[in-house]
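entry.cif follows; it contains mmCIF, C-alpha atoms.
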data_work
loop_
_atom_site.label_atom_id
_atom_site.label_comp_id
_atom_site.auth_asym_id
_atom_site.auth_seq_id
_atom_site.Cartn_x
_atom_site.Cartn_y
_atom_site.Cartn_z
CA MET A 998 -58.35 31.09 -46.43
CA SER A 999 -58.85 27.98 -44.31
CA SER A 1000 -58.29 24.47 -45.64
CA ALA A 1001 -62.03 23.77 -45.55
CA GLU A 1002 -62.80 26.90 -47.57
CA TRP A 1003 -60.02 26.16 -50.09
CA ASN A 1004 -61.38 22.66 -50.67
CA THR A 1005 -65.09 23.49 -50.73
CA ILE A 1006 -66.86 22.51 -53.95
CA SER A 1007 -70.16 24.23 -54.62
CA PHE A 1008 -73.01 23.90 -57.08
CA PRO A 1009 -74.41 27.45 -56.94
CA LYS A 1010 -77.69 26.87 -58.79
CA LEU A 1011 -78.46 23.86 -56.60
CA ASN A 1012 -77.47 25.67 -53.38
CA ILE A 1013 -75.15 22.78 -52.50
CA GLU A 1014 -71.61 23.03 -51.16
CA PHE A 1015 -69.32 20.80 -49.14
CA PRO A 1016 -65.56 20.34 -48.59
CA VAL A 1017 -63.85 17.77 -50.82
CA TYR A 1018 -60.28 16.86 -49.84
CA SER A 1019 -57.69 15.12 -51.98
CA ASN A 1020 -56.16 13.33 -48.99
CA ALA A 1021 -58.13 10.45 -47.50
CA PHE A 1022 -55.99 9.51 -44.49
CA THR A 1023 -52.42 8.96 -43.35
CA ILE A 1024 -50.98 5.60 -42.35
CA PHE A 1025 -47.40 5.01 -41.21
CA GLY A 1026 -46.54 8.51 -42.36
CA ILE A 1027 -47.83 7.89 -45.91
CA THR A 1028 -50.70 10.03 -47.15
CA ILE A 1029 -53.32 8.03 -49.01
CA LYS A 1030 -55.12 9.97 -51.73
CA TRP A 1031 -58.77 9.58 -52.69
CA TYR A 1032 -57.55 9.54 -56.29
CA GLY A 1033 -55.71 6.27 -55.69
CA ILE A 1034 -58.55 4.81 -53.63
CA MET A 1035 -61.08 5.41 -56.40
CA ILE A 1036 -58.81 3.88 -59.02
CA MET A 1037 -58.26 0.79 -56.87
CA LEU A 1038 -61.98 0.50 -56.13
CA GLY A 1039 -62.72 0.65 -59.85
CA LEU A 1040 -60.08 -2.01 -60.49
CA VAL A 1041 -61.46 -4.34 -57.81
CA LEU A 1042 -65.03 -4.06 -59.11
CA ALA A 1043 -63.82 -4.63 -62.69
CA VAL A 1044 -61.83 -7.74 -61.69
CA ILE A 1045 -64.77 -9.18 -59.73
CA TYR A 1046 -67.08 -8.73 -62.71
CA CYS A 1047 -64.59 -10.18 -65.20
CA PHE A 1048 -63.76 -13.26 -63.13
CA ARG A 1049 -67.41 -14.05 -62.54
CA ARG A 1050 -67.87 -14.29 -66.33
CA MET A 1051 -64.58 -15.88 -67.40
CA LYS A 1052 -65.93 -19.36 -68.14
CA LYS A 1053 -68.85 -18.00 -70.17
CA PHE A 1054 -66.26 -16.55 -72.54
CA GLY A 1055 -64.22 -19.76 -72.57
CA ILE A 1056 -61.34 -18.31 -70.54
CA ASP A 1057 -59.34 -20.30 -68.00
CA ASP A 1058 -59.39 -17.97 -65.00
CA ASP A 1059 -56.18 -19.42 -63.54
CA ARG A 1060 -54.17 -18.47 -66.62
CA ALA A 1061 -56.02 -15.18 -66.99
CA ASN A 1062 -54.82 -14.14 -63.50
CA ASP A 1063 -51.34 -13.46 -64.84
CA VAL A 1064 -52.63 -11.63 -67.91
CA LEU A 1065 -54.78 -9.25 -65.86
CA PHE A 1066 -52.01 -8.68 -63.32
CA PHE A 1067 -49.40 -7.69 -65.88
CA GLY A 1068 -52.04 -5.88 -67.93
CA PHE A 1069 -52.76 -3.68 -64.89
CA ILE A 1070 -49.05 -2.94 -64.45
CA GLY A 1071 -48.83 -2.06 -68.13
CA ALA A 1072 -51.90 0.18 -67.82
CA VAL A 1073 -50.38 2.23 -64.99
CA ILE A 1074 -47.01 2.53 -66.74
CA GLY A 1075 -48.58 3.39 -70.09
CA ALA A 1076 -51.03 5.90 -68.63
CA ARG A 1077 -48.28 7.73 -66.76
CA LEU A 1078 -45.75 7.72 -69.62
CA TYR A 1079 -48.38 9.01 -72.06
CA TYR A 1080 -49.32 11.85 -69.71
CA VAL A 1081 -45.69 12.75 -68.95
CA PHE A 1082 -44.75 12.68 -72.64
CA MET A 1083 -47.62 15.00 -73.53
CA SER A 1084 -46.83 17.32 -70.58
CA TRP A 1085 -43.04 17.12 -70.69
CA ASP A 1086 -42.52 20.80 -69.85
CA ASN A 1087 -44.00 20.14 -66.40
CA TYR A 1088 -41.51 17.35 -65.62
CA LYS A 1089 -38.26 18.07 -67.44
CA ASN A 1090 -36.86 20.17 -64.59
CA ASP A 1091 -37.76 17.67 -61.85
CA LEU A 1092 -37.77 14.06 -63.05
CA SER A 1093 -38.75 12.77 -59.60
CA GLU A 1094 -42.23 14.20 -60.20
CA ILE A 1095 -42.75 11.55 -62.89
CA PHE A 1096 -43.32 8.99 -60.13
CA ALA A 1097 -45.82 11.12 -58.15
CA ILE A 1098 -48.87 9.42 -59.64
CA ARG A 1099 -50.82 9.74 -56.37
CA ASP A 1100 -51.30 13.40 -57.23
CA GLY A 1101 -52.98 12.57 -60.53
CA GLY A 1102 -51.76 12.61 -64.10
CA LEU A 1103 -52.81 9.38 -65.83
CA ALA A 1104 -53.97 9.38 -69.45
CA ILE A 1105 -56.54 6.72 -70.27
CA TYR A 1106 -55.36 6.14 -73.83
CA GLY A 1107 -51.85 5.49 -72.61
CA GLY A 1108 -53.35 3.09 -70.07
CA ILE A 1109 -55.21 1.17 -72.77
CA ILE A 1110 -52.09 0.92 -74.93
CA GLY A 1111 -49.96 -0.24 -71.99
CA ALA A 1112 -52.54 -2.78 -70.84
CA LEU A 1113 -52.88 -4.22 -74.36
CA LEU A 1114 -49.12 -4.47 -74.84
CA PHE A 1115 -48.31 -6.11 -71.50
CA GLY A 1116 -51.49 -8.20 -71.57
CA ALA A 1117 -50.92 -9.50 -75.11
CA ILE A 1118 -47.36 -10.59 -74.30
CA THR A 1119 -48.48 -12.37 -71.12
CA ALA A 1120 -51.45 -13.97 -72.92
CA LYS A 1121 -49.07 -15.37 -75.52
CA ILE A 1122 -46.84 -16.86 -72.84
CA ARG A 1123 -49.73 -18.27 -70.76
CA LYS A 1124 -51.65 -19.54 -73.81
CA VAL A 1125 -54.73 -17.39 -73.22
CA ARG A 1126 -56.84 -16.49 -76.25
CA LEU A 1127 -56.67 -12.71 -76.41
CA LEU A 1128 -59.88 -11.67 -78.22
CA PRO A 1129 -62.46 -13.21 -75.84
CA LEU A 1130 -60.42 -11.90 -72.92
CA LEU A 1131 -60.48 -8.43 -74.49
CA ASP A 1132 -64.28 -8.62 -74.65
CA LEU A 1133 -64.35 -8.94 -70.88
CA THR A 1134 -61.57 -6.40 -70.47
CA GLY A 1135 -63.53 -3.78 -72.40
CA MET A 1136 -66.46 -4.06 -70.01
CA GLY A 1137 -64.03 -4.08 -67.10
CA PHE A 1138 -62.44 -0.88 -68.41
CA LEU A 1139 -65.83 0.83 -68.41
CA ILE A 1140 -66.40 -0.15 -64.77
CA GLY A 1141 -62.94 1.02 -63.76
CA GLN A 1142 -63.24 4.32 -65.64
CA ALA A 1143 -66.72 5.04 -64.30
CA VAL A 1144 -65.50 4.71 -60.72
CA GLY A 1145 -61.95 5.98 -61.22
CA ARG A 1146 -63.10 9.29 -62.71
CA TRP A 1147 -64.37 10.28 -59.27
CA GLY A 1148 -60.74 10.51 -58.25
CA ASN A 1149 -60.65 13.63 -60.44
CA PHE A 1150 -63.55 15.02 -58.40
CA PHE A 1151 -61.54 14.69 -55.19
CA ASN A 1152 -58.59 16.38 -56.90
CA HIS A 1153 -60.78 19.26 -58.18
CA GLU A 1154 -59.67 18.51 -61.74
CA CYS A 1155 -61.01 17.30 -65.08
CA PHE A 1156 -63.44 20.19 -65.38
CA GLY A 1157 -64.58 22.11 -68.44
CA CYS A 1158 -65.37 25.63 -69.56
CA ASN A 1159 -68.06 27.84 -68.02
CA THR A 1160 -71.65 26.65 -68.03
CA THR A 1161 -75.07 27.97 -66.97
CA LEU A 1162 -76.46 24.44 -66.48
CA PRO A 1163 -77.90 23.62 -63.02
CA TRP A 1164 -75.09 21.19 -62.21
CA GLY A 1165 -72.28 23.67 -62.92
CA MET A 1166 -69.63 23.45 -60.19
CA THR A 1167 -66.84 25.60 -58.78
CA SER A 1168 -64.33 25.79 -55.93
CA PRO A 1169 -61.47 28.08 -54.89
CA ARG A 1170 -59.02 25.49 -56.25
CA ILE A 1171 -60.78 25.45 -59.63
CA GLN A 1172 -60.94 29.23 -59.70
CA ALA A 1173 -57.21 29.49 -58.94
CA GLU A 1174 -56.42 27.01 -61.72
CA LEU A 1175 -58.52 28.92 -64.25
CA SER A 1176 -57.07 32.26 -63.19
CA ALA A 1177 -53.52 31.00 -63.59
CA ASN A 1178 -54.19 29.47 -67.02
CA ALA A 1179 -56.90 31.71 -68.50
CA TYR A 1180 -54.56 33.22 -71.08
CA SER A 1181 -53.06 29.91 -72.24
CA ILE A 1182 -56.54 28.34 -72.39
CA SER A 1183 -57.69 31.14 -74.64
CA GLU A 1184 -54.59 30.93 -76.83
CA LEU A 1185 -54.64 27.14 -77.26
CA THR A 1186 -58.36 26.33 -77.34
CA GLY A 1187 -59.99 29.62 -78.27
CA MET A 1188 -62.21 29.41 -75.17
CA THR A 1189 -62.62 32.40 -72.86
CA VAL A 1190 -63.18 31.40 -69.25
CA ASP A 1191 -64.40 33.41 -66.27
CA PRO A 1192 -62.86 31.90 -63.09
CA SER A 1193 -65.71 33.26 -60.97
CA LEU A 1194 -68.41 31.30 -62.84
CA PRO A 1195 -69.33 27.59 -62.58
CA VAL A 1196 -67.78 25.06 -64.98
CA HIS A 1197 -68.78 21.76 -66.56
CA PRO A 1198 -68.07 18.71 -64.30
CA CYS A 1199 -66.48 16.73 -67.17
CA PHE A 1200 -65.45 13.90 -64.83
CA LEU A 1201 -69.15 13.33 -64.10
CA TYR A 1202 -70.10 13.29 -67.79
CA GLU A 1203 -67.45 10.67 -68.53
CA SER A 1204 -68.40 8.56 -65.51
CA LEU A 1205 -72.06 8.49 -66.54
CA TRP A 1206 -71.12 7.76 -70.17
CA CYS A 1207 -69.03 4.77 -69.04
CA ILE A 1208 -71.82 3.45 -66.80
CA LEU A 1209 -74.28 3.61 -69.68
CA GLY A 1210 -71.76 1.94 -71.99
CA PHE A 1211 -71.18 -0.88 -69.52
CA ILE A 1212 -74.91 -1.55 -69.18
CA LEU A 1213 -75.39 -1.65 -72.94
CA LEU A 1214 -72.40 -3.95 -73.55
CA HIS A 1215 -73.40 -6.24 -70.69
CA LEU A 1216 -76.89 -6.64 -72.15
CA TYR A 1217 -75.50 -7.16 -75.65
CA SER A 1218 -72.79 -9.62 -74.58
CA LYS A 1219 -75.06 -12.65 -75.03
CA ARG A 1220 -75.74 -11.59 -78.62
CA ARG A 1221 -72.19 -10.80 -79.72
CA LYS A 1222 -71.33 -11.99 -83.19
CA PHE A 1223 -67.63 -12.78 -82.76
CA ASP A 1224 -64.82 -12.78 -80.21
CA GLY A 1225 -63.47 -9.27 -79.87
CA GLU A 1226 -66.67 -7.50 -80.92
CA LEU A 1227 -67.39 -6.19 -77.43
CA PHE A 1228 -63.89 -4.75 -77.17
CA PHE A 1229 -64.23 -2.91 -80.48
CA MET A 1230 -67.61 -1.63 -79.29
CA TYR A 1231 -65.97 -0.40 -76.10
CA ILE A 1232 -63.29 1.44 -78.08
CA GLY A 1233 -65.94 3.03 -80.29
CA TRP A 1234 -68.32 3.90 -77.46
CA TYR A 1235 -65.67 5.45 -75.24
CA GLY A 1236 -64.11 7.29 -78.15
CA LEU A 1237 -67.47 8.74 -79.20
CA GLY A 1238 -68.17 10.14 -75.74
CA ARG A 1239 -64.62 11.37 -75.26
CA MET A 1240 -64.74 13.31 -78.54
CA PHE A 1241 -67.52 15.55 -77.23
CA ILE A 1242 -66.50 15.69 -73.56
CA GLU A 1243 -62.90 16.56 -74.44
CA GLY A 1244 -64.17 19.55 -76.43
CA LEU A 1245 -65.46 21.07 -73.18
CA ARG A 1246 -62.30 20.63 -71.13
CA THR A 1247 -59.82 23.38 -70.32
CA ASP A 1248 -57.00 21.03 -69.24
CA SER A 1249 -56.65 18.90 -72.38
CA LEU A 1250 -53.27 17.55 -73.44
CA MET A 1251 -52.41 19.73 -76.43
CA VAL A 1252 -50.00 19.64 -79.35
CA GLY A 1253 -50.18 23.13 -80.74
CA HIS A 1254 -53.90 23.91 -81.03
CA LEU A 1255 -54.82 20.23 -81.35
CA ARG A 1256 -56.42 18.25 -78.53
CA ILE A 1257 -54.60 14.92 -78.66
CA SER A 1258 -57.28 12.96 -76.79
CA GLN A 1259 -59.98 14.26 -79.10
CA LEU A 1260 -58.00 13.19 -82.16
CA VAL A 1261 -57.30 9.74 -80.71
CA ALA A 1262 -60.97 9.39 -79.76
CA GLY A 1263 -62.05 10.10 -83.33
CA ILE A 1264 -59.58 7.55 -84.70
CA CYS A 1265 -60.87 4.95 -82.21
CA VAL A 1266 -64.45 5.45 -83.39
CA ILE A 1267 -63.48 4.99 -87.05
CA VAL A 1268 -61.26 1.96 -86.38
CA SER A 1269 -63.92 0.24 -84.26
CA ILE A 1270 -66.62 0.70 -86.91
CA VAL A 1271 -64.34 -0.58 -89.69
CA CYS A 1272 -63.26 -3.65 -87.67
CA ILE A 1273 -66.80 -4.59 -86.64
CA LEU A 1274 -68.21 -4.23 -90.16
CA SER A 1275 -65.25 -6.11 -91.67
CA MET A 1276 -65.59 -9.03 -89.27
CA ARG A 1277 -69.35 -9.26 -89.73
CA HIS A 1278 -68.90 -9.28 -93.51
CA LYS A 1279 -66.25 -12.01 -93.22
CA ILE A 1280 -68.52 -14.14 -91.04
CA LYS A 1281 -71.38 -13.68 -93.49
CA MET A 1282 -69.16 -14.85 -96.34
CA ASP A 1283 -67.55 -17.77 -94.46
CA GLY A 1284 -70.69 -19.03 -92.74
CA GLU A 1285 -71.25 -19.81 -89.05
CA TYR A 1286 -68.71 -18.41 -86.59
CA VAL A 1287 -67.32 -20.65 -83.84
CA PHE A 1288 -66.73 -18.83 -80.57
CA TYR A 1289 -63.62 -19.76 -78.65
CA LYS A 1290 -65.76 -20.85 -75.69
CA ASP A 1291 -67.17 -23.64 -77.88
CA THR A 1292 -63.78 -25.04 -78.94
CA GLU A 1293 -62.20 -28.18 -77.51
CA GLU A 1294 -59.09 -26.22 -76.51
CA SER A 1295 -61.12 -23.91 -74.28
CA LYS A 1296 -63.07 -26.75 -72.68
CA GLN A 1297 -59.88 -28.75 -72.06
CA LEU A 1298 -58.00 -25.87 -70.41
CA ILE A 1299 -60.94 -25.07 -68.14
CA ALA A 1300 -61.36 -28.76 -67.24
CA GLU A 1301 -57.65 -29.04 -66.37
CA THR A 1302 -57.90 -26.04 -64.06
CA GLU A 1303 -61.04 -27.41 -62.38
CA GLU A 1304 -59.24 -30.71 -61.78
CA LYS A 1305 -56.31 -28.81 -60.28
CA TYR A 1306 -58.63 -26.88 -57.98
CA LYS A 1307 -60.37 -30.12 -56.98
CA ALA A 1308 -57.06 -31.84 -56.21
CA ALA A 1309 -55.96 -28.84 -54.14
CA GLU A 1310 -59.19 -28.94 -52.12
CA GLU A 1311 -58.80 -32.67 -51.49
CA LYS A 1312 -55.21 -32.15 -50.37
CA LYS A 1313 -56.31 -29.37 -48.05
CA ALA A 1314 -59.05 -31.58 -46.57
CA ALA A 1315 -56.57 -34.42 -46.06
CA LYS A 1316 -54.18 -32.13 -44.19
CA LYS A 1317 -57.00 -30.90 -41.98
CA ALA A 1318 -58.03 -34.46 -41.19
CA GLU A 1319 -54.44 -35.37 -40.35
CA LYS A 1320 -54.17 -32.45 -37.94
CA GLN A 1321 -57.36 -33.57 -36.21
CA TYR A 1322 -55.94 -37.09 -35.89
CA GLN A 1323 -52.72 -35.77 -34.37
CA LYS A 1324 -54.78 -33.85 -31.79
CA GLY A 1325 -56.43 -37.11 -30.72
CA GLU A 1326 -59.53 -36.77 -32.84
CA LEU A 1327 -60.74 -39.56 -35.09
CA ARG A 1328 -59.95 -39.20 -38.75
CA PRO A 1329 -63.02 -38.86 -40.98
CA GLU A 1330 -62.46 -42.32 -42.46
CA ASP A 1331 -62.43 -43.80 -38.92
CA LYS A 1332 -65.83 -42.39 -38.03
CA LEU A 1333 -68.88 -44.58 -38.55
CA THR A 1334 -71.53 -43.51 -40.96
CA ASP A 1335 -75.19 -43.65 -39.89
CA GLU A 1336 -75.68 -46.80 -41.98
CA GLU A 1337 -72.64 -48.51 -40.42
CA ASP A 1338 -73.84 -47.49 -36.95
CA ASP A 1339 -77.28 -49.03 -37.60
CA GLU A 1340 -75.68 -52.27 -38.85
CA ASN A 1341 -73.48 -52.51 -35.71
CA SER A 1342 -76.48 -51.88 -33.43
CA GLU A 1343 -78.47 -54.59 -35.20
CA SER A 1344 -75.54 -57.01 -34.89
CA ILE A 1345 -75.26 -56.33 -31.14
CA ASN A 1346 -78.98 -56.88 -30.64
CA ASN A 1347 -78.81 -60.21 -32.52
CA ASP A 1348 -75.86 -61.33 -30.37
CA GLU A 1349 -77.81 -60.50 -27.19
CA GLU A 1350 -80.81 -62.49 -28.39
CA ASP A 1351 -78.59 -65.51 -29.17
CA ILE A 1352 -77.11 -65.35 -25.67
CA LYS A 1353 -80.59 -65.26 -24.10
CA ASP A 1354 -81.72 -68.22 -26.22
CA GLY A 1355 -78.66 -70.18 -25.10
CA GLU A 1356 -79.38 -69.46 -21.46
CA ASN A 1357 -83.01 -70.56 -21.85
CA ASN A 1358 -81.91 -73.80 -23.47
#
Any chance you could put this one into structure tokens?
Amino acid sequence: MSSAEWNTISFPKLNIEFPVYSNAFTIFGITIKWYGIMIMLGLVLAVIYCFRRMKKFGIDDDRANDVLFFGFIGAVIGARLYYVFMSWDNYKNDLSEIFAIRDGGLAIYGGIIGALLFGAITAKIRKVRLLPLLDLTGMGFLIGQAVGRWGNFFNHECFGCNTTLPWGMTSPRIQAELSANAYSISELTGMTVDPSLPVHPCFLYESLWCILGFILLHLYSKRRKFDGELFFMYIGWYGLGRMFIEGLRTDSLMVGHLRISQLVAGICVIVSIVCILSMRHKIKMDGEYVFYKDTEESKQLIAETEEKYKAAEEKKAAKKAEKQYQKGELRPEDKLTDEEDDENSESINNDEEDIKDGENN
């Protein structure tokens, strides 16, 4: 079987098929995977969105830089460790494979835990209020997950059991995976799979669920009742979708006959509902809630950063002017303004008239 045939994904009922490769390109002898590209694209889009809205949530973007940076590192470490821990039998004989994250194998719940841990520590050090930042982070997560899930598409993974729906998909790689694991899938999940039939594109379901969640949270963000509410809504929304989508998958991380991600998803839904209702009840009892963005601390930190940016711009402009002066150009302060030029012209004209009057006398 040729490489193109091996990597061809087809949607039989739609009469669509095309090759989908895991490798994007090679540079300096290093193979770049589409999986990594999609994750990075999701990260970039999430960061752009979050930074555009930082001030509206009362967050100093300069300090938040460090929190997001270390939060991302924590997310990658946590996602990989979670996956490796839950799939230890696949790594115990070759520990070097633990670092081969370009080939896939990141668990989102581990990523969330790692990002929260590293981010919370950095936020404490950099004096960034965590809850309003988490509100933005939750929406950023949805963007990143919606895009990043397409990395699973390029890897021919994150698929479900057989389906007769029009968008059911298959490929030789998927068929080989199902054939090799049909018995264990049946033993662990109770599902019987036919490798020759199309399967659910679970990565697509999760991507669409995250896109819808992002839109809803973005629209609701102006009506949030307290700092942190959007993050709890994200946890609940994602958990709700993951509960159902995970039930379709054939490659779930299992402990015995229990799907770990499905259990964690259910816990997230319950925790989010309890936290939101508890906070709303507390606010109702205490009276009006003051968002962090409306506090003097938030306004002062943002003002200090704006002053720092302004000073940096002025310093940059001064250096540019000095370079122009050294090249023989006039410095900006040496150049005449239009008003000064008009005054000098008028003075010269007056002097000429006085000279003429003197000559006539």
Once the PyMOL selection byres ((chain A and resi 1199-1215) around 7) has been evaluated on this model, what residues remain selected, and can you format them as a ChimeraX atom specification?
/A:1136,1139-1140,1142-1144,1146-1147,1149-1150,1155-1157,1197-1198,1216-1218,1227,1234,1238,1242,1246
Grab the residues selected above and save them as an mmCIF file, in the frame of the given file with C-alpha atoms.
data_model
loop_
_atom_site.group_PDB
_atom_site.id
_atom_site.type_symbol
_atom_site.label_atom_id
_atom_site.label_comp_id
_atom_site.auth_asym_id
_atom_site.auth_seq_id
_atom_site.Cartn_x
_atom_site.Cartn_y
_atom_site.Cartn_z
ATOM 1 C CA MET A 1136 -66.460 -4.060 -70.010
ATOM 2 C CA LEU A 1139 -65.830 0.830 -68.410
ATOM 3 C CA ILE A 1140 -66.400 -0.150 -64.770
ATOM 4 C CA GLN A 1142 -63.240 4.320 -65.640
ATOM 5 C CA ALA A 1143 -66.720 5.040 -64.300
ATOM 6 C CA VAL A 1144 -65.500 4.710 -60.720
ATOM 7 C CA ARG A 1146 -63.100 9.290 -62.710
ATOM 8 C CA TRP A 1147 -64.370 10.280 -59.270
ATOM 9 C CA ASN A 1149 -60.650 13.630 -60.440
ATOM 10 C CA PHE A 1150 -63.550 15.020 -58.400
ATOM 11 C CA CYS A 1155 -61.010 17.300 -65.080
ATOM 12 C CA PHE A 1156 -63.440 20.190 -65.380
ATOM 13 C CA GLY A 1157 -64.580 22.110 -68.440
ATOM 14 C CA HIS A 1197 -68.780 21.760 -66.560
ATOM 15 C CA PRO A 1198 -68.070 18.710 -64.300
ATOM 16 C CA LEU A 1216 -76.890 -6.640 -72.150
ATOM 17 C CA TYR A 1217 -75.500 -7.160 -75.650
ATOM 18 C CA SER A 1218 -72.790 -9.620 -74.580
ATOM 19 C CA LEU A 1227 -67.390 -6.190 -77.430
ATOM 20 C CA TRP A 1234 -68.320 3.900 -77.460
ATOM 21 C CA GLY A 1238 -68.170 10.140 -75.740
ATOM 22 C CA ILE A 1242 -66.500 15.690 -73.560
ATOM 23 C CA ARG A 1246 -62.300 20.630 -71.130
#
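Comparing the minimum interatomic distances between Leu1065 in chain A and each of A:Lys1307, A:Arg1123, A:Arg1277, A:Lys1317, counting all atoms listed in the file, we find that A:Arg1123 sits nearest.
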Applied to this file, what does the PyMOL selection byres ((chain A and resi 1287-1301) around 6) return in terms of residues, put as a list in words?
Phe1054, Gly1055, Asp1057, Tyr1286, Thr1302, Glu1303 and Glu1304 of chain A
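Against this structure, the PyMOL selection byres ((chain A and resi 1256-1267) around 8) ends up with A:Tyr1106, A:Ile1232, A:Gly1233, A:Trp1234, A:Tyr1235, A:Gly1236, A:Leu1237, A:Arg1239, A:Met1240, A:Phe1241, A:Glu1243, A:Gly1244, A:Ser1249, A:Leu1250, A:Met1251, A:Val1252, A:His1254, A:Leu1255, A:Val1268, A:Ser1269, A:Ile1270, A:Val1271.
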Please identify all polymer residues lying at most 8 Å from the point (-52.0, -9.9, -68.6) (file coordinates), using only C-alpha atoms, and present the result as JSON, numbers by chain.
{"A": [1061, 1062, 1063, 1064, 1065, 1066, 1067, 1068, 1069, 1112, 1115, 1116, 1117, 1118, 1119, 1120]}
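Interatomic distance, CA of Val1125 in chain A against CA of Ile1056 in chain A: 7.2 Å.
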Distance query Leu1133 in chain A at most 7 Å, all atoms listed in the file, self and fewer than 4 positions along chain excluded, as a count of residues only:
3
Point (-71.2, 25.0, -62.1), cut-off 8 Å, counting all atoms listed in the file, residues as a ChimeraX atom specification
/A:1007-1010,1159-1167,1194-1198
Using all atoms listed in the file, which protein or nucleic acid residues come within 9 Å of Val1073 in chain A? Drop anything in the same chain fewer than 3 positions from it, and give the result as a count of residues only.
11
Please, what distance in Å, to one decimal, runs between CA of Tyr1080 in chain A and CA of Thr1028 in chain A?
22.7 Å
Atom-to-atom span, CA of Trp1085 in chain A and CA of Thr1247 in chain A, Å
17.9 Å
For range 1167-1180 of chain A, what centre and edge lengths in Å (one decimal) does the axis-aligned box get once 4 Å is added on each side of all its listed atoms, as JSON?
{"center_x": -60.2, "center_y": 29.3, "center_z": -63.0, "size_x": 21.3, "size_y": 15.8, "size_z": 24.2}
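Minimum distance to Arg1170 in chain A across A:Ser1193, A:Phe1223, A:Thr1186, A:Lys1320 (counting all atoms listed in the file) occurs at A:Ser1193.
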Near Met1035 in chain A, within 9 Å and counting only C-alpha atoms, which residues show up once chain neighbours fewer than 4 positions away are dropped, as an NGL selection string?
:A and (1030-1031 or 1039-1040 or 1141 or 1144-1148)
Find, counting all atoms listed in the file, the residue in A:Asp1091, A:Asp1191, A:Asp1248, A:Asp1086 that gets nearest to Glu1154 in chain A.
A:Asp1248
